[in-house]
Amino acid sequence: MAGATLYEKIWARHVVTETPGEPTLLYVDLHLVHEVTSPQAFDGLRLNARPVRRPERTLATADHNVPTDPPSVPVADPTSRRQLDALEENCREFGITLFPRGHENQGIVHVIGPELGVTQPGMTIVCGDSHTSTHGALAALAFGIGTSEVEHVLATQTLPQQRSRTMAVTVNGTAPPGVSAKDIVLAIVARLGTGGGAGYVIEYRGQAISDLSLEGRMTVCNMSIEAGARAGLVAVDEKTIDYLRGRSALTLDGLFEERAARWRELVSDDDAQFDAEIVLDAAQLRPLVTWGTNPAQVVALDGVVPSPEDYDDADERATTRRSLEYMDLVPGTAMRDVRVDVVFIGSCTNSRIEDLRAAAEVAGRGTVSASVRALVVPGSHRVKAQAELEGLDVVFRNAGFEWREPGCSMCLGMNPDQLAAGQRCASTSNRNFEGRQGRGGRTHLVSPAVAAATALLGRFATPDEVGA
Amino acid sequence: MKEVHVIEGRAVPLERSDVDTDQIIPSEWLKRVERTGFGRGLFAEWRDDPSFVLNDARYVGAVILVAGARFGTGSSREHAVWALMDYGFAAVVASSFGDIFQNNSAKQGLVTVQLTATEVSELTQIIRDDPARLVVVDVERRCVEVPAAGWRREFTLDAMTQERLLRGWDDIAITLRRSDDITRFESTSDQPTVADLFGDVGRARYA
Ligand code: SF4
């Protein structure tokens, strides 16, 4: 019999009941909650007089629409305020630990889980947010759910689930200098297309993935959903163990080595069978940028805007034409000649300390172009504090970047950080959909280093263009 | 959740593929704390355009939406389903759907009908030719038909989803019947809890 994949191992350890012809009832170890997708779920519980089954397996934070002004500035937007207040009231009523705006542990839900050591290998983790896939970097099976599923998990601590198919995405070789985790995952999304991962849980592996830090692996797992996959995973290795060592009360107790020994089993067996596999060569990768309105529409930064005529498929040609029109781009234009109005460094894809270090390293070489507004939004208070300890805030500020409070911010424009219609943005986030960062706004996804170089030159640029 | 047996009425052709959930209900609408009223935000960015098909008087009152490939990809927001249902849609026909969107739909009684791209084009043509034509989505017989055009196609629907639709079953009630199994599982699980990490930090805030 063939061995088991990592996904299959975690799955098997969380089966509560299995009935032929029905979805498996899967136990949820950790349920992350934020203010946007939870209020109606709590509403539903109240309506049916149901309690939260395991409040101690639930953790809440405010991230999606918190303003990135200092916490002393009141929340101006009444609807945001209502959601934030509702979260506080619901957590109080149902006994759930909450890190609200301004709390030292507050931040983007997918940033704080790993950084606080709450996310642990082998766990099942869900959250009413599709980028829950981020936590898979620590070999946790983590995926996004809808609000009625949030209610279901609150009430039962389980989810009826169909088993996914498994896909191995193997990135062999070594990435050239200047190619970051973001470029690797953009290349994967471009290769798979926005639907290519549908129905699958992806396991990322190969030399280039092993070479990544845990934070880089989070960036990769984060965008699994952009390829249509439910979740992304990276097997446990010594880097995983080192990342967890000393990270929380739980890894400081005497049981750490015992736990680590069990975590080391969280790898796919050598003879495990995947339902699909794709292989990429990291040596071929270059810094990338999206040109269109879906994350698979990617070109090399030194490439040109594609033309509808490049595609044989009529549907693809129409989509391309529509994307180009929305993005106001002319086929054949060098990406390096495209000017931007806004640069956003943040989001659960790229707002961890290593991302800020990479961006600051470039930002320190110049000043933000006069025509550009550039924002840096750390993923959490802890990231912000660490960056300030290292003086990164000073580097950014001196270069003309805004240094803001943690939250999702301009990743989705639910707080006041939004693009105006027609504005073009180089963003380190994960979605370039129409209107995602503000109505009529135009989003190009890039890595933190490219975002910083672009801010300095006012047009898409790689760090080597701004000196060393 | 209400029982769903047969959906009958007008169908409106969206004729766009890759309609993600940001398009279905823009993020500014996610700030509500209620479950109702999202219909006004459906396709908000397109509704201002008088030539947008939902503004076409001939399709007013449609209960079935006919879309293109990959409908409902992107963000997991369930509000997309609330918006479609609040607007009045009871079924969406497309050649493929976003995973989470389809899941969310099943749980709330919005029927997602997956046909081949060719079949979707046929149906689109039929309702473009005559917007008043009655379209029927039959959950019991798992088929969609336009009787006046003599057009009928079957679609797949797993037995579980079908039964829920037909019985109007709520998920949580079904699972809570397994409480003993869940308790048994919990007694064997050694994954740490949030309380192990933070004690009563969060709860203490409210004391
Ligand atoms: S940063 Fe963006 S993608 Fe991540 S959780 Fe927030 S809104 Fe979602």
# chains A, B, ... in the order shown; residues from 1 in each chain; ligands from 1
>>> residues_around(residues="range 76-89 of chain B", least_positions_apart="3", cutoff="9 Å", atoms="only C-alpha atoms", output="number ranges by chain")
A: 37, 128-131, 144-148; B: 21-26, 29-30, 35-43, 61-65, 72-73, 92, 100-101, 104-105, 108-110
>>> select_by_dssp(residues="range 44-85 of chain A", states="alpha helix (DSSP H)", output="PyMOL selection string")
chain A and resi 44-47+78-85
>>> write_last_selection(atoms="all heavy atoms", output="compact mmCIF listing (two decimals), in the first residue's frame")
# COMPACT_ATOMS: atom_id res chain seq x y z
N GLY A 44 -26.86 33.96 14.54
CA GLY A 44 -27.51 32.66 14.34
C GLY A 44 -27.53 31.84 15.62
O GLY A 44 -28.53 31.19 15.94
N LEU A 45 -26.41 31.87 16.37
CA LEU A 45 -26.36 31.13 17.63
C LEU A 45 -27.43 31.65 18.59
O LEU A 45 -28.18 30.88 19.20
CB LEU A 45 -24.99 31.28 18.30
CG LEU A 45 -23.79 30.60 17.66
CD1 LEU A 45 -22.56 30.82 18.54
CD2 LEU A 45 -24.03 29.11 17.48
N ARG A 46 -27.48 32.97 18.68
CA ARG A 46 -28.46 33.58 19.60
C ARG A 46 -29.88 33.20 19.22
O ARG A 46 -30.70 32.85 20.05
CB ARG A 46 -28.30 35.10 19.58
CG ARG A 46 -27.45 35.63 20.72
CD ARG A 46 -27.53 37.13 20.81
NE ARG A 46 -26.99 37.75 19.62
CZ ARG A 46 -25.72 38.14 19.50
NH1 ARG A 46 -24.88 38.00 20.51
NH2 ARG A 46 -25.28 38.67 18.39
N LEU A 47 -30.11 33.25 17.92
CA LEU A 47 -31.44 32.94 17.38
C LEU A 47 -31.89 31.55 17.81
O LEU A 47 -33.06 31.31 18.09
CB LEU A 47 -31.34 33.00 15.85
CG LEU A 47 -32.46 33.64 15.09
CD1 LEU A 47 -32.58 35.11 15.48
CD2 LEU A 47 -32.16 33.53 13.58
N PRO A 78 -19.10 54.65 10.69
CA PRO A 78 -20.07 54.05 11.62
C PRO A 78 -20.25 52.55 11.41
O PRO A 78 -20.44 51.82 12.39
CB PRO A 78 -21.38 54.80 11.33
CG PRO A 78 -21.17 55.53 10.04
CD PRO A 78 -19.70 55.67 9.83
N THR A 79 -20.19 52.08 10.18
CA THR A 79 -20.41 50.65 9.98
C THR A 79 -19.22 49.83 10.48
O THR A 79 -19.40 48.77 11.08
CB THR A 79 -20.70 50.31 8.50
OG1 THR A 79 -19.79 51.01 7.69
CG2 THR A 79 -22.09 50.69 8.12
N SER A 80 -18.01 50.34 10.26
CA SER A 80 -16.84 49.65 10.81
C SER A 80 -16.96 49.58 12.32
O SER A 80 -16.68 48.56 12.95
CB SER A 80 -15.54 50.39 10.46
OG SER A 80 -15.33 50.35 9.07
N ARG A 81 -17.36 50.70 12.90
CA ARG A 81 -17.47 50.77 14.34
C ARG A 81 -18.49 49.73 14.85
O ARG A 81 -18.27 49.06 15.84
CB ARG A 81 -17.89 52.18 14.75
CG ARG A 81 -17.44 52.55 16.15
CD ARG A 81 -17.54 54.03 16.39
NE ARG A 81 -18.84 54.56 16.06
CZ ARG A 81 -19.05 55.68 15.35
NH1 ARG A 81 -18.04 56.39 14.91
NH2 ARG A 81 -20.26 56.11 15.09
N ARG A 82 -19.57 49.61 14.10
CA ARG A 82 -20.61 48.65 14.49
C ARG A 82 -20.08 47.22 14.48
O ARG A 82 -20.36 46.43 15.36
CB ARG A 82 -21.80 48.76 13.54
CG ARG A 82 -22.98 49.34 14.25
CD ARG A 82 -24.26 49.43 13.44
NE ARG A 82 -24.09 49.43 12.01
CZ ARG A 82 -24.82 48.69 11.17
NH1 ARG A 82 -25.73 47.88 11.64
NH2 ARG A 82 -24.64 48.77 9.88
N GLN A 83 -19.29 46.90 13.45
CA GLN A 83 -18.73 45.54 13.37
C GLN A 83 -17.73 45.30 14.49
O GLN A 83 -17.70 44.22 15.08
CB GLN A 83 -18.04 45.32 12.02
CG GLN A 83 -19.04 45.05 10.92
CD GLN A 83 -18.40 44.44 9.69
OE1 GLN A 83 -17.18 44.45 9.54
NE2 GLN A 83 -19.21 43.90 8.80
N LEU A 84 -16.89 46.30 14.75
CA LEU A 84 -15.89 46.13 15.80
C LEU A 84 -16.57 46.01 17.17
O LEU A 84 -16.19 45.18 18.00
CB LEU A 84 -14.90 47.31 15.77
CG LEU A 84 -14.03 47.37 14.50
CD1 LEU A 84 -13.30 48.70 14.39
CD2 LEU A 84 -13.03 46.22 14.48
N ASP A 85 -17.60 46.82 17.39
CA ASP A 85 -18.34 46.73 18.64
C ASP A 85 -19.05 45.39 18.77
O ASP A 85 -19.06 44.78 19.84
CB ASP A 85 -19.39 47.86 18.73
CG ASP A 85 -18.73 49.22 18.92
OD1 ASP A 85 -17.51 49.25 19.19
OD2 ASP A 85 -19.43 50.25 18.78
>>> residues_around(residues="Ala455 in chain A", least_positions_apart="3", cutoff="12 Å", atoms="only C-alpha atoms", output="VMD selection string")
chain A and resid 339 to 345 359 to 360 362 to 376 396 399 to 402 424 to 427 446 448 to 452 458 to 463 465 to 466
>>> interface_residues(of="chain A", to="chain B", cutoff="8 Å", atoms="only C-alpha atoms", output="VMD selection string")
chain A and resid 16 to 17 21 to 22 27 29 to 30 36 to 37 39 to 40 43 56 to 59 79 to 80 82 to 83 86 92 95 to 99 118 123 128 to 130 144 to 148 152 155 to 156 158 195 198 to 199 225 to 226 228 230 248 to 250 412 to 414 433 to 436 439
>>> residues_near_ligand(ligand="ligand 1", cutoff="9 Å", atoms="only C-alpha atoms and all ligand atoms", output="PyMOL selection string")
(chain A and resi 63-65+108-111+129-132+222-223+346-351+379+407-414+429-431) or (chain B and resi 75)
>>> residues_around(residues="Arg322 in chain A", least_positions_apart="4", cutoff="9 Å", atoms="only C-alpha atoms", output="number ranges by chain")
A: 292-293, 317-318, 326-327
>>> select_by_dssp(residues="range 36-187 of chain B", states="strand (DSSP E)", output="JSON, numbers by chain")
{"B": [64, 65, 66, 91, 92, 93, 94, 111, 112, 113, 114, 135, 136, 137, 138, 143, 144, 145, 146, 151, 152, 153, 154]}
>>> closest_residue(among="B:Glu122, B:Asp56, B:Asp129, B:Glu140", to="Gln162 in chain B", atoms="only C-alpha atoms")
B:Glu140
>>> residues_around(residues="Ala57 in chain B", least_positions_apart="6", cutoff="12 Å", atoms="only C-alpha atoms", output="tab-separated table (two decimals) with N, CA and C atoms, in the first residue's frame")
chain	number	residue	atom	x	y	z
B	10	ARG	N	-38.33	33.43	-14.58
B	10	ARG	CA	-37.44	33.97	-15.60
B	10	ARG	C	-35.99	33.73	-15.23
B	12	VAL	N	-31.97	35.25	-16.10
B	12	VAL	CA	-31.28	36.40	-16.68
B	12	VAL	C	-29.85	36.00	-17.06
B	50	PRO	N	-26.72	51.67	-17.00
B	50	PRO	CA	-28.09	51.36	-17.44
B	50	PRO	C	-28.15	50.16	-18.39
B	51	SER	N	-27.04	49.88	-19.08
B	51	SER	CA	-27.09	48.77	-20.02
B	51	SER	C	-26.78	47.42	-19.35
B	131	PRO	N	-36.78	36.68	-23.36
B	131	PRO	CA	-36.58	36.82	-21.92
B	131	PRO	C	-37.75	36.34	-21.09
B	132	ALA	N	-38.93	36.25	-21.67
B	132	ALA	CA	-40.11	35.89	-20.88
B	132	ALA	C	-40.23	34.38	-20.70
